[in-house]
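Shown next: entry39.tsv, containing TSV, C-alpha atoms.
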```tsv
chain	number	residue	atom	x	y	z
A	1	MET	CA	108.84	-153.01	33.58
A	2	SER	CA	109.77	-150.25	36.01
A	3	ASN	CA	109.20	-150.48	39.74
A	4	THR	CA	106.51	-147.77	39.47
A	5	GLN	CA	104.65	-149.75	36.80
A	6	LEU	CA	104.91	-152.92	38.90
A	7	GLN	CA	103.46	-151.07	41.88
A	8	LYS	CA	100.52	-149.83	39.79
A	9	TRP	CA	99.86	-153.36	38.54
A	10	ARG	CA	100.21	-154.67	42.07
A	11	LEU	CA	97.56	-152.26	43.34
A	12	ILE	CA	95.20	-153.23	40.50
A	13	LEU	CA	95.72	-156.94	41.25
A	14	VAL	CA	95.22	-156.48	45.00
A	15	THR	CA	92.04	-154.49	44.32
A	16	TRP	CA	90.87	-157.32	42.04
A	17	MET	CA	91.47	-159.88	44.79
A	18	ILE	CA	89.68	-157.76	47.40
A	19	ALA	CA	86.74	-157.44	45.00
A	20	ALA	CA	86.78	-161.22	44.41
A	21	ALA	CA	86.70	-161.86	48.17
A	22	LEU	CA	83.82	-159.41	48.63
A	23	VAL	CA	81.87	-161.01	45.76
A	24	HIS	CA	82.38	-164.41	47.41
A	25	LEU	CA	81.13	-162.95	50.68
A	26	LEU	CA	78.05	-161.44	49.02
A	27	VAL	CA	77.25	-164.67	47.16
A	28	GLY	CA	77.75	-166.66	50.36
A	29	LEU	CA	75.41	-164.34	52.25
A	30	LEU	CA	72.74	-164.56	49.56
A	31	MET	CA	72.87	-168.33	48.93
A	32	PRO	CA	70.96	-169.41	52.03
A	33	TRP	CA	68.20	-166.91	51.32
A	34	LEU	CA	67.93	-167.37	47.56
A	35	ALA	CA	68.55	-171.12	47.18
A	36	ALA	CA	64.82	-171.78	46.74
A	37	ALA	CA	64.09	-168.70	44.62
A	38	PRO	CA	62.23	-169.45	41.37
A	39	TRP	CA	65.02	-168.02	39.23
A	40	THR	CA	67.41	-170.70	40.57
A	41	ASP	CA	65.27	-173.46	39.04
A	42	ALA	CA	67.42	-173.62	35.89
A	43	TYR	CA	70.57	-174.13	37.97
A	44	HIS	CA	68.86	-176.79	40.11
A	45	GLN	CA	67.67	-178.58	36.98
A	46	LEU	CA	71.21	-178.63	35.54
A	47	ILE	CA	72.43	-180.30	38.74
A	48	GLU	CA	69.46	-182.67	38.93
A	49	ALA	CA	70.02	-183.80	35.34
A	50	GLY	CA	73.24	-185.45	36.52
A	51	PHE	CA	71.24	-187.69	38.85
A	52	TRP	CA	67.70	-188.08	37.45
A	53	ARG	CA	66.74	-188.32	33.79
A	54	GLU	CA	63.03	-187.69	34.36
A	55	GLY	CA	63.43	-184.89	36.88
A	56	ALA	CA	64.22	-184.98	40.56
A	57	PRO	CA	61.74	-185.97	43.21
A	58	SER	CA	60.58	-183.06	45.35
A	59	ALA	CA	62.46	-184.39	48.38
A	60	ALA	CA	65.68	-184.34	46.36
A	61	ARG	CA	65.06	-180.72	45.35
A	62	ALA	CA	64.42	-179.82	49.00
A	63	GLN	CA	67.68	-181.47	50.01
A	64	GLN	CA	69.54	-179.70	47.20
A	65	VAL	CA	68.15	-176.33	48.32
A	66	TRP	CA	69.26	-177.16	51.88
A	67	TRP	CA	72.77	-178.08	50.68
A	68	MET	CA	72.98	-174.91	48.62
A	69	GLY	CA	71.94	-172.84	51.61
A	70	ILE	CA	74.39	-174.44	53.98
A	71	PHE	CA	77.14	-174.17	51.34
A	72	GLY	CA	76.55	-170.41	51.51
A	73	ALA	CA	77.96	-170.41	55.03
A	74	THR	CA	81.06	-172.23	53.76
A	75	ILE	CA	81.48	-169.63	51.00
A	76	GLN	CA	81.16	-166.86	53.60
A	77	SER	CA	83.97	-168.41	55.64
A	78	LEU	CA	86.12	-168.87	52.55
A	79	ALA	CA	85.53	-165.23	51.61
A	80	VAL	CA	86.69	-163.98	55.00
A	81	CYS	CA	89.85	-166.10	54.76
A	82	MET	CA	90.45	-164.89	51.21
A	83	LEU	CA	90.01	-161.28	52.27
A	84	VAL	CA	92.31	-161.63	55.30
A	85	LEU	CA	95.03	-163.38	53.28
A	86	THR	CA	94.74	-160.74	50.57
A	87	LEU	CA	95.16	-157.95	53.11
A	88	VAL	CA	98.09	-159.75	54.77
A	89	GLY	CA	99.68	-160.29	51.36
A	90	HIS	CA	99.13	-156.65	50.47
A	91	PHE	CA	100.33	-154.97	53.65
A	92	HIS	CA	103.23	-157.35	54.29
A	93	ARG	CA	104.09	-158.08	50.66
A	94	SER	CA	103.89	-161.73	51.64
A	95	ARG	CA	104.52	-164.40	49.05
A	96	LEU	CA	103.30	-166.85	51.68
A	97	ALA	CA	99.81	-165.29	51.62
A	98	TRP	CA	99.66	-165.31	47.80
A	99	GLY	CA	101.03	-168.85	47.69
A	100	GLY	CA	98.52	-170.00	50.29
A	101	LEU	CA	95.64	-168.65	48.23
A	102	ILE	CA	97.04	-170.29	45.08
A	103	ALA	CA	97.49	-173.60	46.93
A	104	SER	CA	93.93	-173.52	48.26
A	105	ILE	CA	92.53	-173.02	44.76
A	106	ILE	CA	94.79	-175.70	43.26
A	107	LEU	CA	93.68	-178.14	45.97
A	108	TRP	CA	89.99	-177.32	45.63
A	109	ALA	CA	89.41	-176.91	41.89
A	110	PRO	CA	90.57	-180.27	40.45
A	111	GLN	CA	88.70	-182.20	43.14
A	112	ASP	CA	85.53	-180.17	42.71
A	113	MET	CA	85.76	-180.50	38.93
A	114	ALA	CA	86.36	-184.26	39.09
A	115	ILE	CA	83.42	-184.83	41.45
A	116	SER	CA	81.21	-182.64	39.24
A	117	LEU	CA	82.31	-184.49	36.09
A	118	GLN	CA	81.59	-187.86	37.72
A	119	ALA	CA	78.06	-186.70	38.44
A	120	GLY	CA	77.68	-185.14	34.99
A	121	VAL	CA	77.17	-181.67	36.48
A	122	ILE	CA	79.05	-179.72	33.81
A	123	VAL	CA	77.78	-176.32	34.98
A	124	ASN	CA	79.93	-176.65	38.12
A	125	VAL	CA	82.99	-177.51	36.03
A	126	TRP	CA	82.49	-174.28	34.07
A	127	ILE	CA	82.01	-172.24	37.25
A	128	ASP	CA	85.18	-173.74	38.73
A	129	ALA	CA	87.19	-173.15	35.54
A	130	ILE	CA	86.11	-169.52	35.42
A	131	ALA	CA	87.04	-169.06	39.10
A	132	VAL	CA	90.48	-170.57	38.51
A	133	LEU	CA	91.09	-168.35	35.48
A	134	LEU	CA	89.96	-165.22	37.34
A	135	LEU	CA	91.96	-165.89	40.51
A	136	VAL	CA	95.14	-167.89	39.87
A	137	PRO	CA	96.83	-165.62	37.26
A	138	PRO	CA	96.43	-162.45	39.40
A	139	LEU	CA	97.65	-164.33	42.47
A	140	GLY	CA	100.61	-165.67	40.49
A	141	MET	CA	101.49	-162.15	39.41
A	142	LEU	CA	101.26	-160.89	43.00
A	143	TRP	CA	103.47	-163.77	44.14
A	144	TRP	CA	106.01	-162.86	41.45
A	145	ILE	CA	105.91	-159.09	42.09
A	146	ASP	CA	106.33	-159.48	45.84
A	147	GLY	CA	109.31	-161.79	45.32
A	148	LYS	CA	111.32	-159.12	43.50
A	149	PRO	CA	114.07	-157.72	45.74
A	150	ALA	CA	113.11	-154.07	45.05
A	151	ASN	CA	109.66	-154.73	46.54
A	152	LYS	CA	110.84	-156.00	49.90
A	153	PHE	CA	110.70	-153.90	53.03
A	154	VAL	CA	114.16	-153.18	54.43
```
Kindly return the structure encoded in the file as structure tokens.
Amino acid sequence: MSNTQLQKWRLILVTWMIAAALVHLLVGLLMPWLAAAPWTDAYHQLIEAGFWREGAPSAARAQQVWWMGIFGATIQSLAVCMLVLTLVGHFHRSRLAWGGLIASIILWAPQDMAISLQAGVIVNVWIDAIAVLLLVPPLGMLWWIDGKPANKFV
């Protein structure tokens, strides 16, 4: 693959990562406001099924809505960090930035999946798996591209 082709792919991958960070930011901003929306009932029921066979008590649903809302703030923070690291990686062609993002996903995903599996909340395992598949391969490619000697600043 020529250097020009690599640079085109690099720009596509960086754009993908910026979009992923912005989607995380948007979701994080919406979660606190939409956690109790009627159309989230199906998601809440999938989570509740891991803990209550006959349906969750109303207090449990209220707590779950609260947790979902407060988790939105965590997602917002993660999104800002993801966006900043993506921009640092892009402008400085930094393998450290790409590697840091990969490491954060590799630390988070298996733990989140294991905890979700223990609780029988399979929907979260699927969400995590999709996130890993959408983020780690592009980050790995960026890490590889920015490690090539022709792509370093001199």
Could you state the separation of CA of Phe51 (chain A) and CA of Val65 (chain A) in Å, given to one decimal place?
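Those two atoms sit 15.1 Å apart.
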At what distance in Å, to one decimal, does CA of Ser116 (chain A) lie from CA of Met31 (chain A)?
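Separation between CA of Met31 (chain A) and CA of Ser116 (chain A): 19.2 Å.
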Min atom-atom distance to Leu78 (chain A) from the set A:Trp144, A:Trp108, A:Trp39, A:Trp33, counting all atoms listed in the file, belongs to A:Trp108
In Å, with one decimal, what is the gap from CA of Met82 (chain A) to CA of His24 (chain A)?
8.9 Å
Which residue, A:Ile102, A:Ile145, A:Val14, A:Leu117, has the smallest gap to Ala131 (chain A) when you use all atoms listed in the file?
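Among the listed residues, A:Ile102 lies closest to Ala131 (chain A).
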Can you tell me, as a PyMOL selection string, what residues are no more than 12 Å from Ala37 (chain A) when counting only C-alpha atoms, ignoring any on the same chain fewer than 5 positions away?
chain A and resi 30-32+42-44+62+65+68-69
Rank A:Leu83, A:Leu133, A:Val125, A:Ala97 by their smallest atom-to-atom distance to Met17 (chain A), using all atoms listed in the file, and report the top residue only.
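Nearest candidate to Met17 (chain A) out of A:Leu83, A:Leu133, A:Val125, A:Ala97: A:Leu83.
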Rank nothing, just name the residue among A:Ala60, A:Ile130, A:Cys81, A:Ala103 nearest to Ile47 (chain A), using all atoms listed in the file.
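Answer, going by the shortest atom-to-atom distance: A:Ala60.
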Give me the residues near Leu135 (chain A) as a PyMOL selection string, where near means some atom within 12 Å (using all atoms listed in the file) and where sequence neighbours in that chain fewer than 2 positions away do not count.
chain A and resi 13-14+16-21+24+82+86+98-99+101-106+109+128-133+137-142
Nearest to Arg95 (chain A), restricted to all atoms listed in the file and choosing among A:Gln64, A:Gly147, A:Thr15, A:Lys8, comes out as A:Gly147
